[in-house]
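Colleague: Coordinates in structure.cif, mmCIF, C-alpha atoms, pLDDT in the B column; chains and numbers go by the auth columns, are listed below.
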data_my_file
#
loop_
_atom_site.group_PDB
_atom_site.id
_atom_site.type_symbol
_atom_site.label_atom_id
_atom_site.label_comp_id
_atom_site.label_asym_id
_atom_site.label_seq_id
_atom_site.Cartn_x
_atom_site.Cartn_y
_atom_site.Cartn_z
_atom_site.B_iso_or_equiv
_atom_site.auth_seq_id
_atom_site.auth_asym_id
ATOM 1 C CA MET A 1 -5.969 5.688 -0.940 72.00 1 A
ATOM 2 C CA ASP A 2 -8.736 8.180 -0.259 86.00 2 A
ATOM 3 C CA GLN A 3 -11.328 5.872 1.300 91.00 3 A
ATOM 4 C CA THR A 4 -13.909 8.662 1.551 93.00 4 A
ATOM 5 C CA LEU A 5 -13.687 9.291 -2.191 92.00 5 A
ATOM 6 C CA VAL A 6 -14.025 5.576 -2.982 94.00 6 A
ATOM 7 C CA LYS A 7 -17.095 5.311 -0.715 96.00 7 A
ATOM 8 C CA LYS A 8 -18.611 8.360 -2.437 96.00 8 A
ATOM 9 C CA LEU A 9 -17.982 6.829 -5.882 95.00 9 A
ATOM 10 C CA VAL A 10 -19.542 3.519 -4.828 96.00 10 A
ATOM 11 C CA ASP A 11 -22.597 5.348 -3.461 96.00 11 A
ATOM 12 C CA GLU A 12 -22.916 7.293 -6.734 96.00 12 A
ATOM 13 C CA ALA A 13 -22.781 4.096 -8.781 96.00 13 A
ATOM 14 C CA LEU A 14 -25.329 2.363 -6.548 96.00 14 A
ATOM 15 C CA SER A 15 -27.706 5.339 -6.694 96.00 15 A
ATOM 16 C CA GLU A 16 -28.197 4.660 -10.424 95.00 16 A
ATOM 17 C CA ASN A 17 -29.977 1.377 -9.592 95.00 17 A
ATOM 18 C CA SER A 18 -32.164 1.507 -6.484 94.00 18 A
ATOM 19 C CA SER A 19 -32.418 -2.296 -6.271 94.00 19 A
ATOM 20 C CA LEU A 20 -28.678 -2.548 -5.478 96.00 20 A
ATOM 21 C CA PHE A 21 -27.122 -2.029 -2.063 96.00 21 A
ATOM 22 C CA LEU A 22 -23.662 -2.183 -0.520 96.00 22 A
ATOM 23 C CA ILE A 23 -22.810 -5.173 1.647 95.00 23 A
ATOM 24 C CA GLU A 24 -19.138 -4.504 2.304 95.00 24 A
ATOM 25 C CA LEU A 25 -16.314 -2.182 1.265 96.00 25 A
ATOM 26 C CA ASN A 26 -12.799 -3.347 2.185 95.00 26 A
ATOM 27 C CA PHE A 27 -9.447 -1.655 1.701 95.00 27 A
ATOM 28 C CA GLY A 28 -6.329 -3.814 1.798 93.00 28 A
ATOM 29 C CA SER A 29 -2.915 -2.560 2.906 91.00 29 A
ATOM 30 C CA ASP A 30 -1.619 -3.517 -0.559 90.00 30 A
ATOM 31 C CA GLY A 31 -3.887 -0.994 -2.306 89.00 31 A
ATOM 32 C CA SER A 32 -6.658 -3.480 -3.022 94.00 32 A
ATOM 33 C CA ILE A 33 -10.297 -2.406 -2.948 95.00 33 A
ATOM 34 C CA LYS A 34 -13.043 -5.022 -2.631 97.00 34 A
ATOM 35 C CA ILE A 35 -16.654 -3.945 -3.090 97.00 35 A
ATOM 36 C CA THR A 36 -19.407 -6.457 -2.309 97.00 36 A
ATOM 37 C CA VAL A 37 -22.878 -5.518 -3.566 97.00 37 A
ATOM 38 C CA ASP A 38 -26.215 -7.304 -3.543 96.00 38 A
ATOM 39 C CA GLY A 39 -29.564 -6.590 -5.103 94.00 39 A
ATOM 40 C CA ASP A 40 -33.215 -7.154 -4.372 92.00 40 A
ATOM 41 C CA GLN A 41 -33.428 -9.391 -7.474 89.00 41 A
ATOM 42 C CA GLY A 42 -29.767 -10.390 -7.601 89.00 42 A
ATOM 43 C CA VAL A 43 -26.936 -8.565 -9.351 94.00 43 A
ATOM 44 C CA PRO A 44 -26.243 -9.048 -13.060 95.00 44 A
ATOM 45 C CA LEU A 45 -22.627 -9.094 -14.200 96.00 45 A
ATOM 46 C CA SER A 46 -23.256 -5.922 -16.207 96.00 46 A
ATOM 47 C CA GLU A 47 -23.966 -4.040 -12.958 96.00 47 A
ATOM 48 C CA CYS A 48 -20.712 -5.233 -11.364 96.00 48 A
ATOM 49 C CA ILE A 49 -18.866 -4.015 -14.477 96.00 49 A
ATOM 50 C CA ARG A 50 -20.686 -0.661 -14.409 97.00 50 A
ATOM 51 C CA ILE A 51 -19.825 -0.090 -10.727 97.00 51 A
ATOM 52 C CA SER A 52 -16.201 -1.117 -11.301 96.00 52 A
ATOM 53 C CA ARG A 53 -15.815 1.251 -14.245 96.00 53 A
ATOM 54 C CA HIS A 54 -17.424 4.148 -12.377 96.00 54 A
ATOM 55 C CA VAL A 55 -15.026 3.777 -9.460 95.00 55 A
ATOM 56 C CA GLU A 56 -11.928 3.057 -11.565 93.00 56 A
ATOM 57 C CA HIS A 57 -12.439 5.892 -14.059 93.00 57 A
ATOM 58 C CA ASN A 58 -12.762 8.422 -11.247 92.00 58 A
ATOM 59 C CA LEU A 59 -9.562 7.407 -9.440 90.00 59 A
ATOM 60 C CA ASP A 60 -6.128 8.485 -10.625 85.00 60 A
ATOM 61 C CA ARG A 61 -3.720 5.595 -11.182 81.00 61 A
ATOM 62 C CA GLU A 62 -0.925 8.143 -11.613 82.00 62 A
ATOM 63 C CA ASN A 63 -1.189 9.064 -7.925 83.00 63 A
ATOM 64 C CA GLU A 64 -1.916 5.668 -6.485 82.00 64 A
ATOM 65 C CA ASP A 65 -1.676 2.070 -7.638 87.00 65 A
ATOM 66 C CA PHE A 66 -4.680 -0.051 -6.707 91.00 66 A
ATOM 67 C CA SER A 67 -6.540 -3.217 -7.613 93.00 67 A
ATOM 68 C CA LEU A 68 -10.322 -3.198 -7.737 95.00 68 A
ATOM 69 C CA GLU A 69 -12.763 -6.075 -7.325 96.00 69 A
ATOM 70 C CA VAL A 70 -16.550 -5.761 -7.456 97.00 70 A
ATOM 71 C CA THR A 71 -18.321 -8.924 -6.370 96.00 71 A
ATOM 72 C CA THR A 72 -21.570 -10.291 -4.967 95.00 72 A
ATOM 73 C CA PRO A 73 -21.977 -12.266 -1.733 93.00 73 A
ATOM 74 C CA ASN A 74 -21.109 -15.947 -1.860 90.00 74 A
ATOM 75 C CA ILE A 75 -24.100 -18.274 -1.388 85.00 75 A
ATOM 76 C CA THR A 76 -22.417 -19.677 1.738 88.00 76 A
ATOM 77 C CA ASP A 77 -21.938 -16.230 3.319 91.00 77 A
ATOM 78 C CA PRO A 78 -24.310 -15.324 6.152 95.00 78 A
ATOM 79 C CA ILE A 79 -27.023 -12.763 5.525 95.00 79 A
ATOM 80 C CA THR A 80 -25.664 -9.413 6.743 92.00 80 A
ATOM 81 C CA ASP A 81 -28.221 -6.898 5.489 92.00 81 A
ATOM 82 C CA ASN A 82 -31.938 -7.074 6.280 91.00 82 A
ATOM 83 C CA ARG A 83 -32.756 -6.386 2.602 93.00 83 A
ATOM 84 C CA GLN A 84 -31.239 -9.773 1.753 94.00 84 A
ATOM 85 C CA TYR A 85 -34.096 -11.590 3.498 95.00 85 A
ATOM 86 C CA ASN A 86 -36.631 -10.380 0.922 92.00 86 A
ATOM 87 C CA LYS A 87 -34.851 -12.011 -1.990 91.00 87 A
ATOM 88 C CA ASN A 88 -34.632 -15.288 -0.060 93.00 88 A
ATOM 89 C CA ILE A 89 -38.361 -15.741 0.576 94.00 89 A
ATOM 90 C CA GLU A 90 -39.344 -19.375 -0.169 94.00 90 A
ATOM 91 C CA ARG A 91 -35.782 -20.567 0.482 95.00 91 A
ATOM 92 C CA THR A 92 -34.701 -22.671 3.436 96.00 92 A
ATOM 93 C CA LEU A 93 -32.712 -20.732 6.036 96.00 93 A
ATOM 94 C CA GLN A 94 -30.628 -21.849 8.985 96.00 94 A
ATOM 95 C CA VAL A 95 -31.045 -19.236 11.704 97.00 95 A
ATOM 96 C CA LYS A 96 -29.175 -18.992 15.003 96.00 96 A
ATOM 97 C CA THR A 97 -30.278 -16.879 17.936 95.00 97 A
ATOM 98 C CA ALA A 98 -28.587 -16.681 21.335 93.00 98 A
ATOM 99 C CA GLU A 99 -30.818 -19.488 22.670 93.00 99 A
ATOM 100 C CA GLU A 100 -31.887 -21.642 19.710 95.00 100 A
ATOM 101 C CA LYS A 101 -31.274 -22.798 16.155 96.00 101 A
ATOM 102 C CA PHE A 102 -34.029 -22.950 13.566 96.00 102 A
ATOM 103 C CA GLU A 103 -34.208 -24.347 10.062 96.00 103 A
ATOM 104 C CA GLY A 104 -37.191 -23.676 7.875 96.00 104 A
ATOM 105 C CA LYS A 105 -38.599 -22.041 4.788 97.00 105 A
ATOM 106 C CA LEU A 106 -38.626 -18.251 4.961 97.00 106 A
ATOM 107 C CA ILE A 107 -42.261 -17.327 4.314 96.00 107 A
ATOM 108 C CA ALA A 108 -42.463 -13.686 5.398 95.00 108 A
ATOM 109 C CA VAL A 109 -40.294 -10.680 6.219 95.00 109 A
ATOM 110 C CA THR A 110 -41.240 -7.455 7.979 94.00 110 A
ATOM 111 C CA ASP A 111 -39.208 -4.508 9.248 93.00 111 A
ATOM 112 C CA LYS A 112 -38.912 -6.201 12.633 95.00 112 A
ATOM 113 C CA GLU A 113 -38.989 -9.989 12.094 96.00 113 A
ATOM 114 C CA ILE A 114 -38.801 -12.994 9.806 97.00 114 A
ATOM 115 C CA ILE A 115 -41.177 -15.953 9.843 97.00 115 A
ATOM 116 C CA LEU A 116 -39.986 -19.508 9.211 97.00 116 A
ATOM 117 C CA PHE A 117 -42.159 -22.533 8.418 97.00 117 A
ATOM 118 C CA TRP A 118 -41.254 -26.227 8.621 96.00 118 A
ATOM 119 C CA LYS A 119 -42.759 -29.673 9.265 95.00 119 A
ATOM 120 C CA ALA A 120 -41.616 -31.888 12.126 93.00 120 A
ATOM 121 C CA ARG A 121 -42.369 -35.397 13.393 93.00 121 A
ATOM 122 C CA GLU A 122 -43.540 -35.447 17.010 92.00 122 A
ATOM 123 C CA PRO A 123 -44.920 -38.128 19.316 91.00 123 A
ATOM 124 C CA LYS A 124 -48.705 -38.473 19.252 90.00 124 A
ATOM 125 C CA PRO A 125 -50.426 -36.858 22.242 87.00 125 A
ATOM 126 C CA ILE A 126 -52.223 -40.147 22.913 87.00 126 A
ATOM 127 C CA GLY A 127 -50.934 -43.559 21.931 86.00 127 A
ATOM 128 C CA LYS A 128 -47.819 -44.743 20.174 89.00 128 A
ATOM 129 C CA GLY A 129 -46.219 -43.426 17.032 91.00 129 A
ATOM 130 C CA LYS A 130 -45.557 -40.011 15.593 93.00 130 A
ATOM 131 C CA ILE A 131 -47.485 -37.435 13.642 92.00 131 A
ATOM 132 C CA THR A 132 -46.314 -34.704 11.279 93.00 132 A
ATOM 133 C CA VAL A 133 -46.996 -31.218 12.589 93.00 133 A
ATOM 134 C CA GLU A 134 -46.522 -27.864 10.900 95.00 134 A
ATOM 135 C CA LYS A 135 -44.440 -25.350 12.806 95.00 135 A
ATOM 136 C CA ARG A 136 -44.134 -21.617 12.362 96.00 136 A
ATOM 137 C CA GLN A 137 -41.674 -19.392 14.185 96.00 137 A
ATOM 138 C CA SER A 138 -41.469 -15.625 14.253 96.00 138 A
ATOM 139 C CA ILE A 139 -37.910 -14.452 14.926 96.00 139 A
ATOM 140 C CA PRO A 140 -37.166 -10.778 15.664 96.00 140 A
ATOM 141 C CA LEU A 141 -34.353 -9.454 13.449 96.00 141 A
ATOM 142 C CA SER A 142 -32.656 -8.027 16.536 95.00 142 A
ATOM 143 C CA GLU A 143 -32.273 -11.547 17.996 95.00 143 A
ATOM 144 C CA ILE A 144 -30.686 -13.168 14.934 96.00 144 A
ATOM 145 C CA LYS A 145 -26.998 -13.902 15.475 96.00 145 A
ATOM 146 C CA GLU A 146 -26.500 -15.611 12.089 96.00 146 A
ATOM 147 C CA ALA A 147 -28.712 -16.591 9.165 97.00 147 A
ATOM 148 C CA LYS A 148 -27.596 -18.584 6.125 96.00 148 A
ATOM 149 C CA VAL A 149 -29.388 -19.920 3.082 95.00 149 A
ATOM 150 C CA LYS A 150 -29.299 -23.712 3.116 94.00 150 A
ATOM 151 C CA ILE A 151 -28.081 -25.091 -0.179 89.00 151 A
ATOM 152 C CA ILE A 152 -30.359 -27.888 -1.373 84.00 152 A
ATOM 153 C CA PHE A 153 -29.482 -29.948 -4.457 83.00 153 A
#
Once more with this new file: its structure as structure tokens, please.

Modeller:
Amino acid sequence: MDQTLVKKLVDEALSENSSLFLIELNFGSDGSIKITVDGDQGVPLSECIRISRHVEHNLDRENEDFSLEVTTPNITDPITDNRQYNKNIERTLQVKTAEEKFEGKLIAVTDKEIILFWKAREPKPIGKGKITVEKRQSIPLSEIKEAKVKIIF
């Protein structure tokens, strides 16, 4: 399997829709090709079909037998591309850095960091009992080891 050709075909297909981007391209030893794409506003099924057809119609099954799968990331998969943060604004994320774990609503994304917001119960500074405080944490993208969208039903 000519992996360079497949990558070129995937790039061509993605260039037709600038809101789509490649997450992963895997080649199995059994001739399988798995393409995982995401989009700034999600990925409609019609786009997965279009990408699949573009790749498949430009490969020769006479020379090589292959299976092709075009898919989107699973909701439980960690965020792997910084562009994925933008589509998850207002969702609750679980973020791990080398030192700490955070869970909060993603409220902002820049080229260098994400900002999470959450409420926590803390002891009152004076007296007994607890008060609810609002917390905000800026986390540099370079320090994030893993980030996942928390599924809330």

Colleague: Taking the file as shown, what set of residues would the PyMOL selection byres ((chain A and resi 102) around 10) give back, as a list in words?

Modeller: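 That selection, the PyMOL selection byres ((chain A and resi 102) around 10), comes back as Leu93, Gln94, Val95, Lys96, Thr97, Glu100, Lys101, Glu103, Gly104, Lys105, Leu116, Phe117, Trp118, Gln137, Ile139 and Ala147 of chain A.
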
Colleague: Leaving out segment 4-17 of chain A and any residue of its chain fewer than 6 positions from it, which residues lie within 9 Å of it when counting all atoms listed in the file, given as a PyMOL selection string?

Modeller: chain A and resi 25+33+35+37+47+50-52+54-55+58-59

Colleague: Which of these, A:Leu45, A:Asn88, A:Met1, A:Glu122, has the shortest distance to Leu106 of chain A once you count all atoms listed in the file?

Modeller: A:Asn88

Colleague: Write out as a PyMOL selection string the residues lying within 10 Å of Thr110 of chain A, counting all atoms listed in the file and excluding same-chain residues fewer than 6 positions away.

Modeller: chain A and resi 82+85-86+140-141

Colleague: Just give me the gap between atom CA of Pro73 of chain A and atom CA of Pro44 of chain A in Å, one decimal is fine.

Modeller: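 Distance between the two atoms: 12.5 Å.
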
Colleague: Taking only C-alpha atoms into account, which of A:Thr72, A:Ser32, A:Gln3, A:Thr132 comes nearest Leu20 of chain A?

Modeller: A:Thr72

Colleague: Just checking: using only C-alpha atoms, which residue out of A:Thr92, A:Ser142, A:Ser29, A:Gln41 ends up closest to Phe66 of chain A?

Modeller: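 For Phe66 of chain A, the nearest of the candidates is A:Ser29.
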
Colleague: Compare A:Arg61, A:Ala108, A:Pro78, A:Ile89 by their minimum atom-to-atom distance to Asp40 of chain A, counting all atoms listed in the file, and give me the closest one.

Modeller: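 Ranking A:Arg61, A:Ala108, A:Pro78, A:Ile89 by distance to Asp40 of chain A, first place goes to A:Ile89.
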
Colleague: A:Ile75, A:Ala98, A:Ala120, A:Leu68: which is nearest Glu134 of chain A, counting only C-alpha atoms?

Modeller: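 For Glu134 of chain A, the nearest of the candidates is A:Ala120.
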
Colleague: From the options A:Asp2, A:Glu99, A:Glu24, A:Glu146, which residue's atoms come nearest to Ile79 of chain A, counting only C-alpha atoms?

Modeller: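 With only C-alpha atoms as the atom set, the closest residue is A:Glu146.
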
Colleague: Quick one: distance from atom CA of Glu113 of chain A to atom CA of Glu143 of chain A in Å, one decimal?

Modeller: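 Computing it gives 9.1 Å between the two atoms.
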